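What follows is the content of model-v8.cif, which has mmCIF, N, CA and C atoms:
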data_structure
#
loop_
_atom_site.label_atom_id
_atom_site.label_comp_id
_atom_site.auth_asym_id
_atom_site.auth_seq_id
_atom_site.Cartn_x
_atom_site.Cartn_y
_atom_site.Cartn_z
N MET A 435 72.00 81.59 80.43
CA MET A 435 71.79 83.01 80.64
C MET A 435 72.88 83.79 79.90
N ASN A 436 72.47 84.75 79.12
CA ASN A 436 73.41 85.61 78.43
C ASN A 436 73.70 86.80 79.33
N ILE A 437 74.88 86.82 79.91
CA ILE A 437 75.26 87.86 80.87
C ILE A 437 75.16 89.25 80.24
N ALA A 438 75.60 89.38 78.99
CA ALA A 438 75.61 90.68 78.32
C ALA A 438 74.21 91.26 78.17
N ASN A 439 73.19 90.42 78.11
CA ASN A 439 71.82 90.89 77.95
C ASN A 439 71.08 91.06 79.27
N ASN A 440 71.73 90.79 80.36
CA ASN A 440 71.10 90.91 81.67
C ASN A 440 71.15 92.37 82.12
N ARG A 441 70.01 93.02 82.06
CA ARG A 441 69.93 94.45 82.39
C ARG A 441 70.40 94.73 83.81
N PHE A 442 70.05 93.84 84.74
CA PHE A 442 70.42 94.03 86.14
C PHE A 442 71.93 93.92 86.33
N PHE A 443 72.58 93.01 85.59
CA PHE A 443 74.03 92.91 85.70
C PHE A 443 74.71 94.12 85.07
N ARG A 444 74.17 94.64 83.98
CA ARG A 444 74.73 95.86 83.37
C ARG A 444 74.66 97.02 84.36
N ILE A 445 73.57 97.11 85.11
CA ILE A 445 73.45 98.14 86.14
C ILE A 445 74.51 97.92 87.22
N ALA A 446 74.69 96.66 87.62
CA ALA A 446 75.71 96.32 88.63
C ALA A 446 77.11 96.68 88.13
N LEU A 447 77.39 96.44 86.84
CA LEU A 447 78.69 96.81 86.28
C LEU A 447 78.91 98.32 86.33
N ASP A 448 77.88 99.08 86.03
CA ASP A 448 77.98 100.54 86.09
C ASP A 448 78.26 101.00 87.51
N ARG A 449 77.54 100.43 88.46
CA ARG A 449 77.78 100.78 89.88
C ARG A 449 79.18 100.37 90.32
N ALA A 450 79.64 99.20 89.88
CA ALA A 450 80.97 98.72 90.25
C ALA A 450 82.05 99.63 89.69
N THR A 451 81.86 100.11 88.48
CA THR A 451 82.84 101.01 87.86
C THR A 451 82.98 102.29 88.69
N LYS A 452 81.86 102.81 89.15
CA LYS A 452 81.89 104.03 89.97
C LYS A 452 82.47 103.76 91.36
N LEU A 453 82.35 102.55 91.83
CA LEU A 453 82.79 102.17 93.16
C LEU A 453 84.28 101.83 93.22
N ALA A 454 84.85 101.45 92.10
CA ALA A 454 86.20 100.88 92.06
C ALA A 454 87.26 101.73 92.75
N GLY A 455 87.17 103.03 92.72
CA GLY A 455 88.18 103.88 93.33
C GLY A 455 87.84 104.34 94.73
N LYS A 456 86.88 103.69 95.36
CA LYS A 456 86.41 104.13 96.68
C LYS A 456 86.53 102.98 97.69
N PRO A 457 87.72 102.83 98.29
CA PRO A 457 87.96 101.70 99.20
C PRO A 457 86.96 101.60 100.35
N GLY A 458 86.57 102.70 100.94
CA GLY A 458 85.63 102.67 102.05
C GLY A 458 84.28 102.10 101.64
N ARG A 459 83.84 102.48 100.46
CA ARG A 459 82.55 101.97 99.95
C ARG A 459 82.67 100.49 99.59
N ILE A 460 83.84 100.08 99.12
CA ILE A 460 84.03 98.66 98.80
C ILE A 460 84.00 97.83 100.08
N ILE A 461 84.63 98.32 101.12
CA ILE A 461 84.61 97.62 102.42
C ILE A 461 83.16 97.48 102.90
N SER A 462 82.38 98.53 102.74
CA SER A 462 80.96 98.48 103.11
C SER A 462 80.22 97.43 102.28
N LEU A 463 80.53 97.37 101.00
CA LEU A 463 79.92 96.37 100.12
C LEU A 463 80.29 94.96 100.58
N LEU A 464 81.55 94.76 100.95
CA LEU A 464 81.99 93.44 101.43
C LEU A 464 81.28 93.06 102.73
N ALA A 465 81.02 94.05 103.57
CA ALA A 465 80.27 93.79 104.80
C ALA A 465 78.84 93.36 104.47
N GLN A 466 78.23 94.03 103.50
CA GLN A 466 76.88 93.64 103.07
C GLN A 466 76.89 92.23 102.49
N LEU A 467 77.95 91.90 101.78
CA LEU A 467 78.09 90.55 101.22
C LEU A 467 78.14 89.52 102.34
N SER A 468 78.92 89.79 103.37
CA SER A 468 79.02 88.85 104.51
C SER A 468 77.66 88.62 105.15
N VAL A 469 76.91 89.69 105.33
CA VAL A 469 75.58 89.58 105.93
C VAL A 469 74.66 88.76 105.04
N LYS A 470 74.68 89.02 103.73
CA LYS A 470 73.81 88.28 102.81
C LYS A 470 74.17 86.80 102.79
N ILE A 471 75.47 86.49 102.76
CA ILE A 471 75.89 85.09 102.77
C ILE A 471 75.44 84.42 104.07
N TYR A 472 75.61 85.10 105.18
CA TYR A 472 75.23 84.54 106.47
C TYR A 472 73.72 84.30 106.55
N ASN A 473 72.94 85.23 106.01
CA ASN A 473 71.48 85.17 106.11
C ASN A 473 70.83 84.29 105.05
N THR A 474 71.59 83.84 104.07
CA THR A 474 71.04 82.96 103.04
C THR A 474 70.98 81.56 103.60
N LYS A 475 69.78 81.09 103.78
CA LYS A 475 69.56 79.81 104.44
C LYS A 475 69.67 78.65 103.46
N GLY A 476 70.08 77.51 103.98
CA GLY A 476 70.15 76.30 103.19
C GLY A 476 71.53 75.70 103.20
N ASN A 477 71.60 74.45 102.81
CA ASN A 477 72.87 73.73 102.81
C ASN A 477 73.12 73.04 101.48
N SER A 478 72.48 73.50 100.42
CA SER A 478 72.66 72.86 99.13
C SER A 478 74.08 73.05 98.61
N LEU A 479 74.45 72.20 97.68
CA LEU A 479 75.77 72.32 97.06
C LEU A 479 75.92 73.65 96.35
N LYS A 480 74.85 74.12 95.68
CA LYS A 480 74.90 75.41 95.00
C LYS A 480 75.18 76.53 95.98
N LEU A 481 74.47 76.52 97.09
CA LEU A 481 74.65 77.56 98.10
C LEU A 481 76.05 77.50 98.69
N GLN A 482 76.55 76.32 98.96
CA GLN A 482 77.91 76.20 99.49
C GLN A 482 78.93 76.70 98.48
N THR A 483 78.70 76.44 97.20
CA THR A 483 79.58 76.94 96.15
C THR A 483 79.59 78.47 96.15
N ILE A 484 78.40 79.07 96.23
CA ILE A 484 78.30 80.52 96.28
C ILE A 484 79.08 81.06 97.48
N ARG A 485 78.87 80.46 98.64
CA ARG A 485 79.57 80.91 99.86
C ARG A 485 81.09 80.82 99.68
N ASP A 486 81.56 79.68 99.22
CA ASP A 486 83.01 79.47 99.07
C ASP A 486 83.61 80.46 98.08
N GLN A 487 82.95 80.62 96.94
CA GLN A 487 83.52 81.51 95.92
C GLN A 487 83.49 82.96 96.37
N PHE A 488 82.40 83.41 96.99
CA PHE A 488 82.36 84.78 97.47
C PHE A 488 83.34 85.00 98.61
N ASN A 489 83.59 83.98 99.43
CA ASN A 489 84.59 84.13 100.48
C ASN A 489 85.98 84.37 99.89
N VAL A 490 86.34 83.62 98.87
CA VAL A 490 87.64 83.83 98.21
C VAL A 490 87.71 85.22 97.59
N ILE A 491 86.65 85.59 96.88
CA ILE A 491 86.62 86.91 96.24
C ILE A 491 86.73 88.01 97.30
N GLY A 492 86.00 87.88 98.38
CA GLY A 492 86.06 88.87 99.45
C GLY A 492 87.45 89.00 100.05
N ARG A 493 88.08 87.87 100.32
CA ARG A 493 89.45 87.90 100.87
C ARG A 493 90.42 88.56 99.89
N MET A 494 90.26 88.25 98.61
CA MET A 494 91.16 88.82 97.60
C MET A 494 90.98 90.34 97.51
N ILE A 495 89.74 90.79 97.50
CA ILE A 495 89.50 92.23 97.40
C ILE A 495 90.00 92.94 98.66
N LYS A 496 89.79 92.35 99.84
CA LYS A 496 90.30 92.95 101.07
C LYS A 496 91.83 93.05 101.05
N ALA A 497 92.49 91.98 100.59
CA ALA A 497 93.95 92.01 100.50
C ALA A 497 94.40 93.06 99.50
N HIS A 498 93.68 93.21 98.42
CA HIS A 498 94.00 94.24 97.43
C HIS A 498 93.87 95.63 98.04
N LEU A 499 92.77 95.86 98.75
CA LEU A 499 92.55 97.18 99.36
C LEU A 499 93.59 97.51 100.42
N SER A 500 94.07 96.49 101.14
CA SER A 500 95.07 96.73 102.19
C SER A 500 96.47 96.91 101.60
N GLY A 501 96.63 96.57 100.32
CA GLY A 501 97.94 96.67 99.68
C GLY A 501 98.77 95.41 99.83
N ALA A 502 98.25 94.42 100.50
CA ALA A 502 99.00 93.18 100.70
C ALA A 502 99.07 92.36 99.41
N TYR A 503 98.06 92.47 98.58
CA TYR A 503 97.99 91.76 97.31
C TYR A 503 97.49 92.73 96.26
N LYS A 504 97.99 92.61 95.05
CA LYS A 504 97.60 93.53 93.98
C LYS A 504 96.84 92.78 92.89
N ILE A 505 95.54 93.12 92.73
CA ILE A 505 94.78 92.60 91.60
C ILE A 505 95.31 93.31 90.37
N ARG A 506 95.76 92.53 89.40
CA ARG A 506 96.48 93.10 88.26
C ARG A 506 95.60 93.81 87.25
N SER A 507 94.31 93.53 87.25
CA SER A 507 93.44 94.09 86.23
C SER A 507 92.25 94.81 86.86
N MET A 508 92.08 96.08 86.54
CA MET A 508 90.93 96.83 87.02
C MET A 508 89.64 96.21 86.48
N ARG A 509 89.69 95.66 85.27
CA ARG A 509 88.52 95.00 84.67
C ARG A 509 88.05 93.84 85.54
N ILE A 510 88.99 93.04 86.02
CA ILE A 510 88.64 91.91 86.88
C ILE A 510 88.03 92.41 88.19
N LEU A 511 88.62 93.43 88.79
CA LEU A 511 88.08 93.98 90.02
C LEU A 511 86.64 94.45 89.81
N ILE A 512 86.39 95.13 88.71
CA ILE A 512 85.04 95.64 88.42
C ILE A 512 84.06 94.49 88.21
N ILE A 513 84.46 93.46 87.49
CA ILE A 513 83.58 92.31 87.28
C ILE A 513 83.23 91.65 88.62
N LEU A 514 84.21 91.50 89.49
CA LEU A 514 83.96 90.87 90.79
C LEU A 514 83.07 91.74 91.67
N LEU A 515 83.32 93.05 91.65
CA LEU A 515 82.46 93.95 92.42
C LEU A 515 81.03 93.91 91.88
N ALA A 516 80.88 93.85 90.56
CA ALA A 516 79.55 93.78 89.96
C ALA A 516 78.83 92.49 90.37
N ALA A 517 79.55 91.39 90.43
CA ALA A 517 78.95 90.12 90.85
C ALA A 517 78.47 90.22 92.30
N ILE A 518 79.24 90.89 93.14
CA ILE A 518 78.84 91.09 94.54
C ILE A 518 77.60 91.97 94.60
N ILE A 519 77.62 93.07 93.87
CA ILE A 519 76.46 93.98 93.85
C ILE A 519 75.21 93.22 93.38
N TYR A 520 75.36 92.43 92.34
CA TYR A 520 74.24 91.65 91.82
C TYR A 520 73.71 90.69 92.87
N PHE A 521 74.61 90.03 93.58
CA PHE A 521 74.22 89.05 94.59
C PHE A 521 73.49 89.69 95.76
N ILE A 522 73.96 90.83 96.23
CA ILE A 522 73.33 91.43 97.41
C ILE A 522 72.06 92.20 97.07
N ASN A 523 71.86 92.51 95.79
CA ASN A 523 70.66 93.24 95.38
C ASN A 523 69.47 92.28 95.36
N PRO A 524 68.42 92.58 96.13
CA PRO A 524 67.27 91.67 96.15
C PRO A 524 66.42 91.75 94.88
N PHE A 525 66.64 92.77 94.07
CA PHE A 525 65.85 92.95 92.85
C PHE A 525 66.72 92.65 91.64
N ASP A 526 66.82 91.38 91.30
CA ASP A 526 67.58 91.00 90.13
C ASP A 526 66.69 90.20 89.20
N LEU A 527 67.26 89.51 88.27
CA LEU A 527 66.48 88.82 87.26
C LEU A 527 65.46 87.86 87.87
N ILE A 528 65.90 87.05 88.81
CA ILE A 528 65.00 86.15 89.54
C ILE A 528 65.16 86.47 91.02
N PRO A 529 64.19 87.15 91.62
CA PRO A 529 64.34 87.54 93.04
C PRO A 529 64.66 86.35 93.93
N ASP A 530 65.55 86.57 94.89
CA ASP A 530 66.02 85.52 95.77
C ASP A 530 64.90 84.93 96.62
N LEU A 531 63.81 85.64 96.77
CA LEU A 531 62.71 85.15 97.60
C LEU A 531 61.92 84.03 96.93
N ILE A 532 62.11 83.82 95.64
CA ILE A 532 61.43 82.74 94.95
C ILE A 532 62.13 81.45 95.33
N PHE A 533 61.47 80.66 96.17
CA PHE A 533 62.08 79.47 96.73
C PHE A 533 62.55 78.51 95.64
N GLY A 534 63.75 78.01 95.80
CA GLY A 534 64.25 76.97 94.90
C GLY A 534 64.99 77.47 93.69
N ILE A 535 64.57 78.61 93.13
CA ILE A 535 65.25 79.09 91.92
C ILE A 535 65.79 80.50 92.08
N GLY A 536 65.52 81.13 93.19
CA GLY A 536 65.91 82.52 93.39
C GLY A 536 67.40 82.77 93.31
N LEU A 537 68.20 81.77 93.67
CA LEU A 537 69.65 81.95 93.62
C LEU A 537 70.24 81.48 92.30
N ALA A 538 69.42 80.95 91.41
CA ALA A 538 69.93 80.41 90.15
C ALA A 538 70.62 81.46 89.31
N ASP A 539 70.02 82.64 89.19
CA ASP A 539 70.67 83.68 88.39
C ASP A 539 71.91 84.22 89.09
N ASP A 540 71.86 84.30 90.43
CA ASP A 540 73.05 84.72 91.18
C ASP A 540 74.21 83.76 90.94
N LEU A 541 73.89 82.46 90.97
CA LEU A 541 74.92 81.45 90.74
C LEU A 541 75.47 81.55 89.32
N ALA A 542 74.61 81.82 88.35
CA ALA A 542 75.07 81.96 86.96
C ALA A 542 76.02 83.15 86.82
N ILE A 543 75.66 84.27 87.43
CA ILE A 543 76.52 85.47 87.38
C ILE A 543 77.84 85.19 88.09
N LEU A 544 77.76 84.59 89.28
CA LEU A 544 78.97 84.30 90.04
C LEU A 544 79.87 83.33 89.28
N THR A 545 79.29 82.30 88.70
CA THR A 545 80.07 81.33 87.94
C THR A 545 80.79 82.01 86.78
N TRP A 546 80.09 82.87 86.08
CA TRP A 546 80.69 83.60 84.96
C TRP A 546 81.82 84.52 85.46
N ALA A 547 81.55 85.29 86.52
CA ALA A 547 82.55 86.22 87.05
C ALA A 547 83.77 85.46 87.59
N TYR A 548 83.51 84.37 88.30
CA TYR A 548 84.60 83.56 88.86
C TYR A 548 85.46 82.99 87.73
N SER A 549 84.81 82.56 86.67
CA SER A 549 85.53 82.03 85.51
C SER A 549 86.35 83.13 84.83
N ALA A 550 85.75 84.32 84.69
CA ALA A 550 86.46 85.44 84.07
C ALA A 550 87.69 85.85 84.87
N ALA A 551 87.61 85.64 86.18
CA ALA A 551 88.70 86.03 87.08
C ALA A 551 89.55 84.85 87.52
N ALA A 552 89.38 83.70 86.90
CA ALA A 552 90.02 82.45 87.37
C ALA A 552 91.53 82.57 87.51
N GLU A 553 92.18 83.16 86.54
CA GLU A 553 93.64 83.28 86.61
C GLU A 553 94.06 84.15 87.79
N GLU A 554 93.36 85.26 88.00
CA GLU A 554 93.66 86.15 89.12
C GLU A 554 93.35 85.46 90.45
N ILE A 555 92.25 84.74 90.51
CA ILE A 555 91.88 84.04 91.74
C ILE A 555 92.90 82.95 92.06
N ASP A 556 93.36 82.22 91.04
CA ASP A 556 94.39 81.21 91.26
C ASP A 556 95.68 81.85 91.78
N SER A 557 96.05 82.99 91.19
CA SER A 557 97.25 83.70 91.67
C SER A 557 97.08 84.13 93.12
N PHE A 558 95.90 84.62 93.44
CA PHE A 558 95.63 85.03 94.82
C PHE A 558 95.73 83.85 95.78
N LYS A 559 95.10 82.73 95.41
CA LYS A 559 95.14 81.55 96.29
C LYS A 559 96.58 81.07 96.49
N ASN A 560 97.38 81.08 95.43
CA ASN A 560 98.80 80.70 95.56
C ASN A 560 99.52 81.67 96.49
N TRP A 561 99.25 82.96 96.33
CA TRP A 561 99.86 83.97 97.20
C TRP A 561 99.43 83.72 98.65
N GLU A 562 98.14 83.50 98.84
CA GLU A 562 97.59 83.31 100.18
C GLU A 562 98.19 82.04 100.82
N ASN A 563 98.33 80.98 100.07
CA ASN A 563 98.90 79.72 100.59
C ASN A 563 100.38 79.83 100.90
N SER A 564 101.05 80.82 100.29
CA SER A 564 102.49 80.98 100.52
C SER A 564 102.79 81.76 101.81
N LEU A 565 101.77 82.31 102.40
CA LEU A 565 101.99 83.11 103.62
C LEU A 565 102.26 82.25 104.83
#
How does this structure look as structure tokens?
Amino acid sequence: MNIANNRFFRIALDRATKLAGKPGRIISLLAQLSVKIYNTKGNSLKLQTIRDQFNVIGRMIKAHLSGAYKIRSMRILIILLAAIIYFINPFDLIPDLIFGIGLADDLAILTWAYSAAAEEIDSFKNWENSL
């Protein structure tokens, strides 16, 4: 999947850019993420990967918003917010309701975003483990 050509992800990036300076709206987005993760049924390795990665991202963004941890790059924050928006949106490239493959595009976006933010996520995990 070419992320740059994904119209739905470009829309998510635009929404994330507008959301970046609004902590209350980001908290609301994280709450929607928690609900979507909880309501996504299944125990596959892919689904567990999505849950684990979004949990780390959610904790990092919450720590950033509280001031306890500082995400060093606004670009990384926007990419992560866009990945969350893409995941919680039921109307994406492959709708989640299509059994078996509906989460495939979500996983591709998340994998790309997680990779783009890997250095920041590693720094966050080290910070979190030092507490």
Practice prompt. Report the residues of chain A whose backbone DSSP state falls under helix (DSSP H, G or I), written as a PyMOL selection string.
Written response: chain A and resi 437-439+441-453+457-473+479-500+508-522+538-550+552-563
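The space separating atom C of Ala502 in chain A from atom C of Asp540 in chain A comes to 27.6 Å.
Taking only C-alpha atoms, the non-local environment of Met508 in chain A within 12 Å (same-chain residues fewer than 5 positions away omitted) comprises Ala450, Thr451, Lys452, Leu453, Ala454, Gly455, Ile495, His498, Ile513, Leu514, Leu515, Ala551 and Glu554 of chain A.
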Discussion item. Counting only C-alpha atoms, which residue out of A:Leu463, A:Ile505, A:Leu499, A:Ile510 sits closest to Ser557 in chain A?
Written reply: A:Ile505
Worksheet, complete the sentence: Correct to one decimal, the distance atom C of Phe558 in chain A-atom C of Arg493 in chain A is 8.2 Å
Worksheet entry | Hits of the PyMOL selection byres (((chain A and resi 483 and name CA) around 12) and name CA) in this structure, as a PyMOL selection string | chain A and resi 471+476-482+484-490+537-538+540-542+544-545+548
Item to complete: Give me the residues within 12 Å of Ile445 in chain A as a PyMOL selection string, counting only C-alpha atoms and dropping any in the same chain fewer than 2 places off.
Response: chain A and resi 437-443+447-452+513+515-517+519-520+523+525-527
Discussion item. Rounded to one decimal, what separation in Å do you get between CA of Ser462 in chain A and CA of Ile555 in chain A?
Written reply: 21.4 Å
